[in-house]
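I have placed the structure first, in the form of structure tokens, so that the comments after it can refer back to it.
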Amino acid sequence: MTGLKKYRKQIQIAILSVVLIIGLYTIGSSLFAEKDSFPQAGEKAPDFTLRGLDGELHQLSDYHGQAVLLNFWGTFCPPCVDETPLLQQYYEQYKDQGLVILGVNLNESTVTVQGFVRQFSVTYPILLDKEQVRKQYGVNQFPTTFFISPDGMIVEKWIGELREHHLKPRVERLVPRKDDTA
Amino acid sequence: MTIEQFSNASLIVAWILYTLSFFTFVITITGKKWGHGKPEQFEQKWKRRSIAITIAGLIAQISFFITRWIYAGHIPTSNMFEFLTFLTMMITAAFIVVFFIYKSAVIGVFAMPLIVLFLSYAAVFPWEAKPLVPSLNSHWLKIHVTTAAAGEAFFAIGFAAGLMYLIRTINFQDKSKSGRRQVRWLEITLFVVLCMFGFVIMTFGFGAANYEAVFEQEVLDESGEEPQRVTNTVTYTLPPIFKPHNSEVISMDSFIGMKQPLFETPSWMQGVNSGRKLNTFIWSVIGGLVLYGLFRLILRKPIGAAIQPVLKDIKADDLDEISYRAISIGFPLFSLGALVFAMIWAQQAWGRFWGWDPKEVWALITWLFYSAYLHLRLSRGWHGIKSSWLAVIGFVIVLITLIFVNLVIAGLHSYAGV
Amino acid sequence: MIENTKCECGHQNAVGTILCEYCGKPLHDEDSDLPLEMRYDGVARRSQRSSKSIIDRVWRFFSSVKVAVYLIVITLVLAILGTIFPQENMLININYAEYYKKNYGVIGQIYHFLGLSHTYETWWFRGLLFMIGTSLVICSLDRVLPLYRALSNQAVKKHPKFISRQKVTLERELPAEPSKWIDQFGQALKKKRYRVVQEDDALLAEKNRFSRWGPYVNHIGLIIFLLAALMRLIIPGWQYEQYVPILEGDTVKIEGTPYYLKNEQFTIEFHEPDAEGNVVPRLFRTQAVLYECVDNCDGVDEPVLEVVKEHAIEVNSPLEHDGLAFYQYNYNYTPIIRSMEVKLEHVETGEVYGTFPLRTNDPEAMYEVGPYEIELRHYLPDFTYENGEPATKSKNPNAPAFIFLIKGPGLPQEGNIHIYFPIPDDQIRFQQDRVNEAAGSQFRMSVGDMENVEIAMYTSYLNIKSNKGMTFIWIGSAIFIIGLVMGFYWHHRRIWVRIDDGRLLLGAHTNKNWFGLRKEVSEALKITGIEVEASSLDNGRNLT
């Protein structure tokens, strides 16, 4: 008992500090509970690896140094279908200036994707995602396109169909100038 | 006679015996003055008779319970009728336990009307045994409901003893401000009890007369993706003082010259059947007022003051202790049944032990209230009057949890119907 | 201020002591004869010692029962407010501010603004629960140690004032010789399971002391419970919840875990219809297989799975593994063709070349039937025309269309295009036969018997939760209940007797159930020849 008495003050302080820490956690847990953790503009684009329709593995970081349009799409989504020719056109026009379009398909049958790609003569890489990257990027509406700068930062998250007047200024701002790389 | 008929008949027998035992308990207390022979002998004799009738009533109710269990195929605690009859059975059992500890006939004078009231109230709800939906089909649910009801039954006895304490000790001659306030609140409490009697009498009265009024009500159903206008048919079994909001009369029996509803339920009263509930509530208040008025007219003094002499043979301290004791016995049962077992069941059925569902919150509120009560009992100045008031309020919270939350606030626990 | 805290019996008491820890003599109001304040046996508590430091003040605040009651009452009131309108978590996919404004007007707006629409998740509600927890810890610590000390060091011979001021007392001339009487009384009490200590002409009988620890035990249980609940909130993975729809026959990945779950079959059974023809479901069951991924788990390629567990998930019987639990939540009737065995025949001669299996989910691209090579060129699971082009409305095989390229003997070099709709209605709707005729196809595809078609009827919705930390929840609850039972169903009773000059002085104390104590004392006295009414033992001056 006397031993305890000697350290009473310290014991008291110890108990109160533990209580205080728990209190901070309790209140903190409700104050900081609902933070959105999906990638946003201004953040680094999270890396991923997917199998492409071509059978090859594609990793986002492989395209470092190039401007990337990460396009989430499905054949069942009419605006996705509508914007495909435009994306294909821009891909052909700017691929030499360092533009890559990655079409992330939303977990459809391979034959369906293959048939669509043939139908629309798509040549940019189509990646087969089994919901993994979609969830990682928090994509719930289609199409959604992430504009990623050559240094791997998300410049913009665009939800909905892209049209010429949306695409042109954004792509031109994004691609590295030919003279710079030359 | 089918097993179902036998079962229902047993319940009616139980009701009759409970009512009878109330009267014999009253005779036990009041009769010894005018009875022949020695007052003590008279009291002993009638006390034995009264408790024997109560036990007979309990046996009848147990046979109702068991036979219903047999023909329904599951423990009969799954709808409002079954739950309330079960609660009544538990209150009777709790009363018998307390009676044998304290050997006091006076408690019977208060507990029996409460028991009769609960049983009558239960009888208002539909009697049919319904099959169980999967989520209600669990052993833990049965254990949860029965244990919680046992705890609540002791709270009911705590309430009865608390109310007796108040009637016993409140000075009806006290004309000071606080004295008059005490009297007023006691009378309000008794009035609320009378309203419940009023409700039961009204429902059975109009039910016997087959009264019916039917309305068609247009409501906005927002449960789907697109809000839709839906037409509901609402049937009243009491004459419509308040018709449902935004509704048309389809048919209506007239009642003492009343051929049209008098008012319309205000639109802010949300929820299914809010009009019918409001109308029933108004009728209960009217019934309570009539009963209260009649009593005042006959007695010519506050009801509490009229009951007071009945209680003069029992010590106020004993009532205080009975109330506290009943709540102390009930509290661990309630904690176990209404919280712990409920959590085990919720974990099993929904995968979360606690979900802040209104019914769960109200169980927690009840528990918090009685915890506060038990802590206050440790302090000076919280025995007697204050403590008895808390016992009364506590049981009001129990009733809100059991009845009001089910009927008004919809949640996962809500029993269908009514 | 210096206070003399030494009792006349020689015991040195701590500042704040009400009754001498040893002999029980009242240290303050010596001249009164009101019943004594017996809480915690009158010992000084930590919080009562005078000190002005912040730590002592905080300690004193949380150690007060009054504060605890206030905290309980405030929590209770806020909890009630939270049930007035539906909480946000009861509403699905709604703009909350809009909802409360529209349904409840200005009051609804205020309700939402104050955060009452999610009362139980707010920082202030959690803060209150935390303060109740703190109060539980400090109140208990502040009382349990001094109480333990007082109860383990009791004098048998108490001060006369201490005994006569108990709530249950008796004072009278002894009918018998003191030591003989005390032996007899001690025996009577032993029969009632008291532990009896005798010393000179004094006696102390005590039973059920453990009941005094009940409150502290139940408080420990509550603290464990609250801590476990908090752990589930702050440790990632301890609280995990998602709803997963799984079509019969499908295997889905459980996000954030190495597990995959397969719905082999979903069953629904009904009760017999009642008089009005209503059918109530009796049982929902998902026959499930849990797999663990052992290779290719990065989601790039087809994962390699190993069976971990099989279980029939029913409403009250989840599949549990590694802290995860899968609950039956809901179901949907979603009849869909999964696969079929397709027969290839000549459209005119009816010659059958053979059959091939065709899936509606990720079908194979190449098939060989008899002499023919069949390539699936395009697959449109929910066929429609979009701007005159074949397209699909969704990913679900509601109207599956298969476009084949058939090569083989007797066919052009580049092959023959053939389109196949397995659902007869679609064949008519999209004019399958005319399209094929126009394309010059000489084939017919059919499934013949329904036996050759595999159909999934139901989508089962499972709710997946993490059960980690539940053990502590249950341990806490169990300790809590044990504490309550200890404290409420047993009562600590003590009886003190001292005999001075042939005069008996008896006092008794209990923390609950005075009625029972008086009865017990009067029964024991009766055995020794002293007849007293149980009720007359009451000191009659209650602490009200």
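Lettering and numbering for the structure tokens are positional, with chains as A, B, ... in the shown order, residues counted from 1 in each chain, and ligands counted from 1 in the shown order.
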
Problem set entry | Exercise: stretch 316-321 of chain C partners within 7 Å, only C-alpha atoms, chain neighbours under 6 positions left out, as a PyMOL selection string | (chain B and resi 135+138+348-349) or (chain C and resi 327-328)

Restricted to C-alpha atoms, what would the selected residues look like written as a PDB file, in the first residue's frame?
ATOM      1  CA  SER B 135     -35.256 -13.181 -39.613  1.00  0.00           C
ATOM      2  CA  SER B 138     -34.045 -17.700 -34.195  1.00  0.00           C
ATOM      3  CA  GLN B 348     -26.654 -13.216 -36.011  1.00  0.00           C
ATOM      4  CA  ALA B 349     -29.528 -11.908 -38.054  1.00  0.00           C
TER       5      ALA B 349
ATOM      6  CA  TYR C 327     -24.971 -12.913 -43.958  1.00  0.00           C
ATOM      7  CA  GLN C 328     -28.023 -13.576 -46.069  1.00  0.00           C
TER       8      GLN C 328
END

Report as a compact mmCIF listing (two decimals) with all heavy atoms, in the first residue's frame the set of chain C residues whose atoms approach chain B to within 6 Å, with distances computed over only C-alpha atoms.
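Generated output (iface-v8.txt):
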# COMPACT_ATOMS: atom_id res chain seq x y z
N VAL C 69 -24.38 10.75 -13.22
CA VAL C 69 -25.82 10.77 -13.48
C VAL C 69 -26.17 11.84 -14.50
O VAL C 69 -26.97 11.61 -15.41
CB VAL C 69 -26.61 10.96 -12.17
CG1 VAL C 69 -28.08 11.21 -12.45
CG2 VAL C 69 -26.45 9.74 -11.28
N LEU C 76 -29.10 10.29 -22.53
CA LEU C 76 -30.47 9.78 -22.68
C LEU C 76 -31.33 10.76 -23.48
O LEU C 76 -32.00 10.38 -24.44
CB LEU C 76 -31.04 9.57 -21.28
CG LEU C 76 -32.38 8.95 -21.01
CD1 LEU C 76 -32.33 8.34 -19.62
CD2 LEU C 76 -33.48 9.96 -21.04
N THR C 83 -34.33 9.90 -32.13
CA THR C 83 -35.35 9.00 -32.67
C THR C 83 -36.58 9.75 -33.17
O THR C 83 -37.53 9.13 -33.62
CB THR C 83 -35.83 7.96 -31.63
OG1 THR C 83 -36.41 8.65 -30.53
CG2 THR C 83 -34.68 7.11 -31.14
N PRO C 281 -42.45 -15.96 -46.75
CA PRO C 281 -41.29 -16.83 -46.91
C PRO C 281 -40.88 -17.44 -45.57
O PRO C 281 -41.03 -16.83 -44.52
CB PRO C 281 -40.20 -15.91 -47.44
CG PRO C 281 -40.67 -14.53 -47.18
CD PRO C 281 -42.15 -14.57 -47.08
N ARG C 282 -40.41 -18.68 -45.66
CA ARG C 282 -40.03 -19.39 -44.45
C ARG C 282 -38.51 -19.43 -44.33
O ARG C 282 -37.95 -19.46 -43.24
CB ARG C 282 -40.59 -20.81 -44.53
CG ARG C 282 -40.54 -21.60 -43.25
CD ARG C 282 -41.34 -22.88 -43.43
NE ARG C 282 -40.70 -23.78 -44.38
CZ ARG C 282 -39.73 -24.63 -44.03
NH1 ARG C 282 -39.30 -24.66 -42.81
NH2 ARG C 282 -39.20 -25.41 -44.93
N LEU C 283 -37.85 -19.43 -45.47
CA LEU C 283 -36.41 -19.68 -45.45
C LEU C 283 -35.76 -19.12 -46.71
O LEU C 283 -36.28 -19.26 -47.81
CB LEU C 283 -36.22 -21.21 -45.41
CG LEU C 283 -34.80 -21.72 -45.51
CD1 LEU C 283 -34.31 -22.09 -44.14
CD2 LEU C 283 -34.75 -22.93 -46.42
N VAL C 315 -30.65 -17.00 -42.93
CA VAL C 315 -30.76 -15.70 -42.27
C VAL C 315 -30.08 -15.67 -40.90
O VAL C 315 -29.37 -14.74 -40.58
CB VAL C 315 -32.24 -15.28 -42.16
CG1 VAL C 315 -32.38 -14.09 -41.25
CG2 VAL C 315 -32.75 -14.92 -43.54
N ASN C 316 -30.30 -16.71 -40.13
CA ASN C 316 -29.66 -16.67 -38.81
C ASN C 316 -28.42 -17.55 -38.73
O ASN C 316 -27.97 -17.93 -37.66
CB ASN C 316 -30.66 -17.07 -37.73
CG ASN C 316 -31.67 -15.97 -37.49
OD1 ASN C 316 -31.29 -14.83 -37.24
ND2 ASN C 316 -32.93 -16.29 -37.61
N LEU C 484 -23.55 -7.43 -12.56
CA LEU C 484 -24.90 -7.04 -12.16
C LEU C 484 -25.51 -8.10 -11.24
O LEU C 484 -26.11 -7.78 -10.22
CB LEU C 484 -25.80 -6.88 -13.39
CG LEU C 484 -25.65 -5.63 -14.24
CD1 LEU C 484 -26.70 -5.63 -15.34
CD2 LEU C 484 -25.83 -4.38 -13.40
N PHE C 488 -26.75 -7.38 -7.56
CA PHE C 488 -28.18 -7.20 -7.32
C PHE C 488 -28.86 -8.42 -6.71
O PHE C 488 -29.89 -8.29 -6.08
CB PHE C 488 -28.89 -6.82 -8.61
CG PHE C 488 -28.68 -5.39 -8.99
CD1 PHE C 488 -27.86 -5.04 -10.04
CD2 PHE C 488 -29.29 -4.37 -8.27
CE1 PHE C 488 -27.65 -3.72 -10.40
CE2 PHE C 488 -29.10 -3.05 -8.61
CZ PHE C 488 -28.27 -2.73 -9.66
N THR C 544 -34.25 10.00 4.29
CA THR C 544 -34.94 10.59 3.15
C THR C 544 -34.86 12.10 3.21
O THR C 544 -34.68 12.66 4.27
CB THR C 544 -36.41 10.16 3.11
OG1 THR C 544 -36.92 10.19 4.43
CG2 THR C 544 -36.53 8.78 2.55

Problem set entry | Atom pair atom CA of C:Lys167 / atom CA of C:Leu19: separation (Å) |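 According to the coordinates, atom CA of C:Lys167 and atom CA of C:Leu19 are separated by 15.3 Å.
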
Problem set entry | Among the residues A:Leu31, A:Val68, A:Leu60, A:Val122, the one that comes closest to chain C [using only C-alpha atoms] | A:Leu31

For this session: May I have all residues of stretch 182-351 of chain C that DSSP, computed from the backbone, assigns to alpha helix (DSSP H), given as number ranges by chain?
Result: C: 182-191, 214-234

Where does chain C meet chain A within 7 Å, residue by residue, with the nearest atom pair and distance in Å to one decimal for each, counting only C-alpha atoms, listed by chain and rising number, as CSV?
residue,atom,partner,partner_atom,distance
C:Glu121,CA,A:Ser30,CA,6.1
C:Thr122,CA,A:Ser30,CA,6.0
C:Trp123,CA,A:Ile27,CA,5.0
C:Arg126,CA,A:Ile27,CA,6.2
C:Gly127,CA,A:Ile27,CA,5.8
C:Phe130,CA,A:Gly23,CA,6.2
C:Thr134,CA,A:Val19,CA,6.7
C:Leu230,CA,A:Thr26,CA,6.7
C:Leu233,CA,A:Ser29,CA,6.8
C:Ile234,CA,A:Ser29,CA,6.3
C:Gly299,CA,A:Gln132,CA,6.7
C:Val300,CA,A:Leu50,CA,4.9
C:Asp301,CA,A:Arg51,CA,6.9
C:Asn361,CA,A:Ser109,CA,6.3
C:Asp362,CA,A:Ser109,CA,3.9
C:Pro363,CA,A:Ser109,CA,6.8
C:Ala365,CA,A:Val111,CA,6.3
C:Arg377,CA,A:Gly115,CA,6.0
C:His378,CA,A:Gly115,CA,4.5
C:Tyr379,CA,A:Thr112,CA,4.8
C:Leu380,CA,A:Thr112,CA,6.2
C:Thr392,CA,A:Phe76,CA,4.9
C:Lys393,CA,A:Phe76,CA,4.8
C:Ser394,CA,A:Phe76,CA,4.7
C:Lys395,CA,A:Phe76,CA,6.5

Kindly export the residues of the current selection with C-alpha atoms, as a JSON list (two decimals), in the first residue's frame.
[["chain", "number", "residue", "atom", "x", "y", "z"],
["C", 121, "GLU", "CA", -22.17, 9.19, -35.21],
["C", 122, "THR", "CA", -21.56, 12.78, -34.15],
["C", 123, "TRP", "CA", -18.46, 13.80, -32.24],
["C", 126, "ARG", "CA", -19.35, 9.83, -29.04],
["C", 127, "GLY", "CA", -17.72, 12.36, -26.73],
["C", 130, "PHE", "CA", -16.39, 8.55, -23.89],
["C", 134, "THR", "CA", -14.02, 7.84, -18.21],
["C", 230, "LEU", "CA", -14.09, 1.88, -30.16],
["C", 233, "LEU", "CA", -14.22, 2.08, -35.21],
["C", 234, "ILE", "CA", -10.55, 3.00, -35.36],
["C", 299, "GLY", "CA", -6.58, -9.40, -60.67],
["C", 300, "VAL", "CA", -4.66, -9.34, -63.96],
["C", 301, "ASP", "CA", -5.22, -12.94, -64.93],
["C", 361, "ASN", "CA", -20.66, -14.98, -69.53],
["C", 362, "ASP", "CA", -17.30, -14.56, -71.26],
["C", 363, "PRO", "CA", -17.87, -17.25, -73.91],
["C", 365, "ALA", "CA", -14.03, -17.64, -79.08],
["C", 377, "ARG", "CA", -16.93, -13.08, -83.85],
["C", 378, "HIS", "CA", -19.14, -10.95, -81.67],
["C", 379, "TYR", "CA", -21.29, -11.44, -78.64],
["C", 380, "LEU", "CA", -23.95, -8.94, -77.62],
["C", 392, "THR", "CA", -25.80, -4.13, -76.38],
["C", 393, "LYS", "CA", -27.98, -2.40, -73.79],
["C", 394, "SER", "CA", -26.27, -3.91, -70.77],
["C", 395, "LYS", "CA", -23.82, -6.51, -69.57]]

Exercise. Separation of atom CA of C:Arg285 and atom CA of C:Gln265, in Å?
Worked result: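 Answer for the atom CA of C:Arg285 to atom CA of C:Gln265 separation: 8.1 Å.
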
Which neighbours of C:Arg359 fall inside 7 Å, counting only C-alpha atoms, when residues of the same chain fewer than 4 positions from it are skipped, and could you give them as a PDB file with N, CA, C and O atoms, in the first residue's frame?
ATOM      1  N   ARG C 338     -27.450 -19.165 -68.253  1.00  0.00           N
ATOM      2  CA  ARG C 338     -26.013 -19.182 -67.960  1.00  0.00           C
ATOM      3  C   ARG C 338     -25.234 -19.843 -69.090  1.00  0.00           C
ATOM      4  O   ARG C 338     -24.197 -19.356 -69.488  1.00  0.00           O
ATOM      5  N   SER C 339     -25.764 -20.987 -69.525  1.00  0.00           N
ATOM      6  CA  SER C 339     -25.059 -21.698 -70.590  1.00  0.00           C
ATOM      7  C   SER C 339     -26.028 -22.653 -71.267  1.00  0.00           C
ATOM      8  O   SER C 339     -27.114 -22.917 -70.737  1.00  0.00           O
ATOM      9  N   MET C 340     -25.630 -23.127 -72.407  1.00  0.00           N
ATOM     10  CA  MET C 340     -26.493 -24.088 -73.102  1.00  0.00           C
ATOM     11  C   MET C 340     -25.634 -24.965 -74.004  1.00  0.00           C
ATOM     12  O   MET C 340     -24.498 -24.619 -74.319  1.00  0.00           O
ATOM     13  N   PRO C 363     -17.930 -15.997 -73.133  1.00  0.00           N
ATOM     14  CA  PRO C 363     -17.873 -17.246 -73.907  1.00  0.00           C
ATOM     15  C   PRO C 363     -16.536 -17.425 -74.609  1.00  0.00           C
ATOM     16  O   PRO C 363     -15.809 -16.449 -74.846  1.00  0.00           O
TER      17      PRO C 363
END
